[in-house]
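**Q** A single structure is presented below for examination.
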Amino acid sequence: MTKGGMESVEVFTSEGKGRGLKAQKEFLPGDVIFAEPAYAAVVFDSLTHVICHTCFKRQERLHRCGQCKFAHYCDRTCQRAAWLNHKNECSAIKRHGKAPTENIRLAARIMWRIEREGSGLAEGCLVSIDDLQNHVESFSEEEKKELRVDIENFLEFWPPQSQQFGMQYISHIFGVISCNGFTLSDQRGLQAVGVGIFPNLCQANHDCWPNCTVIFNNGNHEAVRSMFHTQMRIELRALSKISPGDELTVSYVDFLNLSEERRKQLKKQYYFDCSCEHCKKQIKDDLMLAVKEGESKPSAETVKDVIQFSKDTLEKINKARVEGLYHEVVKLCRECMKKQEPVLGDTNIYLLRILSIASEVLSYLQMFEEAADYAKRMVDGYQKIYHPNNAQLGMAVMRAGVTHWHAGLIEAGHGLICKAYAILLITHGPSHPITKDLEVMRVQTEMELRMFQQNEFMYYKMREAALKNQKIHVMPEPSNETSPGLFHKKE
């Protein structure tokens, strides 16, 4: 079964998993298997005035819709592109007096589209909204309570002149959003800014060690030549060689967790028991729980104590980060590492988590040399655990490269930036803003490295002068979120 641009994949029944997607032809790492625009998408409540409601890019100045005063856009191009989806919402917000929550807005956008087009197969979709899983029967009591509140609020917002839907159908739509809502990120891919429904993507089953990755592409509205105008979409990209007939899989959760933790998270959020190879055989769990090798191996009791101390410290760190107490975060990290280093191995996830936080926060505080040391250790550990073409690994290597550059360690910095570029070319593609930024950094560090190799003394003199004359590029403030997950689950 193929449809509009989806010729290279087909829906099939996957044993024990329900529906899945299968490749119809061979793909190589970095190939785009398909690109899919959102069926419906909304910006998060907390960011409605700083993120464009069409392309989901973060912008300094946005144009506000003159009618509802709620929707914001980059420019007229984005505003015109949004009108079909915003028209009903605009008058409903004016009638209601205020905009409802993101969940209600997304449900309403889905139902207005169904009102316009019917609930059958939309153009380019392999499955209809009606056929998506809702898992309402698996909801906990708490989730059912939230669902009832959402339905009440939806009914208050939904205009009387619009098509009226039955309670069961409205429940189905909210269930679909809960299990299948995909996290949309800003153009730098660093912050989750919205949620959308992509019916074809929903058919891809989970594997903790997948052969595909999903990247959100904000599209290109600024292009002067209209042939280069592209709409906001997700791209399913191959991470490894895929043969015709292979199932296409993506990972719904970050791999950097023990198999038991990943399974718990998948059960809680997506209501299934993961039976992938990595979970069944607990592959890489030994690395993630590694202890120091050597003559005096730490006792099981000591390891248990240090892991508990690490968990307690991570809680304290989260609290300090929320309050913006970054020097306190550094102090907690240093204390924790002092306890961890004699006991935990260099791939132990509790050590890696602390190294990651320490390098990010120290970079922000411009203590680059210490930050670079931790970033290097973090990346060395990550490379032993993650798939070599993992987007999170690529982003971590990029951050480490930038940190080394700031620390004046040009050789290591350039090496890391090249390594990150090679990964992100596969996971994000050459035209993604992050990859383009990285290409600029790669060219700059390559030039600097040549200068450094010719005359080290002159290189440092010129670097010093350049940094004095230009505002040093301050690292972004550490965010309290982990990088956006694949699917958005209402907490």
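Order determines the names: the first chain of the structure tokens is A, the second B, and so forth; residues in each chain are numbered 1 upward, and ligands are numbered 1 upward as they are shown.
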Give me the residues near Glu260 of chain A as a PyMOL selection string, where near means some atom within 12 Å (using only C-alpha atoms) and where sequence neighbours in that chain fewer than 4 positions away do not count.
**A** chain A and resi 208+255-256+264-267+273-275+278-285+288
**Q** Neighbours of segment 195-202 of chain A within 7 Å (only C-alpha atoms; same-chain residues fewer than 4 positions away dropped), as a ChimeraX atom specification?
**A** /A:36,38-43,125-127,129,180-184,488
**Q** Out of segment 284-397 of chain A, which residues get helix (DSSP H, G or I) from DSSP, as a PyMOL selection string?
**A** chain A and resi 285-288+300-322+326-340+349-364+368-385+391-397
**Q** Out of A:Ser128, A:Ser140, A:Asn348, A:Ser431, which residue has the shortest atom-to-atom distance to Val303 of chain A when counting only C-alpha atoms?
**A** A:Asn348
**Q** Compile the contact shell of Gly30 of chain A as a list in words: residues with an atom at most 9 Å away, counting only C-alpha atoms, same-chain residues fewer than 5 positions apart removed.
**A**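 Those residues are Arg237, Ala238, Leu239, Ser240, Leu424, Leu425, Ile426, Thr427, His428 and Gly429 of chain A.
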**Q** Return as a PyMOL selection string the full set of residues in segment 36-266 of chain A whose backbone-based DSSP assignment is strand (DSSP E).
**A** chain A and resi 36+40-43+63-64+72-73+182-185+192-197+205-206+212-217+233-238+247-250
**Q** Set the distance at 9 Å and use only C-alpha atoms: which residues neighbour Cys418 of chain A once local chain neighbours fewer than 2 positions away are removed? I'd like the list as a list in words.
**A**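 Counting only the stated atoms, we get Met398, Gly401, Gly413, His414, Gly415, Leu416, Ala420, Tyr421, Ala422, Ile423, Leu438, Glu439 and Arg442 of chain A.
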**Q** Can you list, as a list of chain:residue names, every protein, DNA or RNA residue that comes within 10 Å of segment 46-51 of chain A when you count only C-alpha atoms, leaving out same-chain residues fewer than 2 positions away?
**A**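 In the requested format, the answer is A:Val42, A:Val43, A:Phe44, A:His53, A:Thr54, A:Cys55, A:Phe56, A:Lys57, A:Arg58, A:Gln59, A:Glu60, A:Arg61, A:Leu62, A:His63, A:Arg64, A:Lys69, A:Phe70, A:Ala71, A:His72, A:Tyr73, A:Cys74, A:Thr101, A:Glu102, A:Asp186, A:Ala192, A:Val193, A:Gly194.
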**Q** Could you check which of A:His86, A:Asn217, A:Leu355, A:Gln454 is closest to Val330 of chain A, using only C-alpha atoms?
**A**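 Closest candidate: A:Leu355.
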**Q** Just to confirm, what's the straight-line distance from atom CA of Leu287 of chain A to atom CA of Thr347 of chain A in Å (one decimal)?
**A**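 Between these atoms lies a distance of 5.7 Å.
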**Q** From the set A:Ser14, A:Cys68, A:Gln163, A:Thr313, which residue has the shortest atom-to-atom contact distance to Ile114 of chain A, counting only C-alpha atoms?
**A**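 Distance minimum relative to Ile114 of chain A lands on A:Gln163.
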**Q** Per residue of segment 254-366 of chain A within 12 Å of segment 393-397 of chain A, record the nearest atom pair and its distance in Å to one decimal, counting only C-alpha atoms, with rows in chain order and ascending residue number, as a tab-separated table.
**A**
residue	atom	partner	partner_atom	distance
A:Asp254	CA	A:Leu393	CA	10.6
A:Phe255	CA	A:Leu393	CA	10.4
A:Leu256	CA	A:Leu393	CA	10.1
A:Leu352	CA	A:Ala396	CA	11.6
A:Arg353	CA	A:Ala396	CA	11.9
A:Leu355	CA	A:Ala396	CA	11.5
A:Ser356	CA	A:Ala396	CA	8.5
A:Ile357	CA	A:Ala396	CA	11.3
A:Ser359	CA	A:Ala396	CA	10.4
A:Glu360	CA	A:Ala396	CA	9.9
**Q** Find the spatial neighbours of segment 336-340 of chain A, counting only C-alpha atoms, within a cut-off of 12 Å - ignore same-chain residues fewer than 6 positions away - and output them as a ChimeraX atom specification.
**A** /A:290-292,298,302-314,316-317,329-330,346-358,374
**Q** I need the residue nearest Arg95 of chain A from this list: A:Ser185, A:Pro37, A:Ile410, A:Glu156. Use only C-alpha atoms for the distance.
**A** A:Glu156
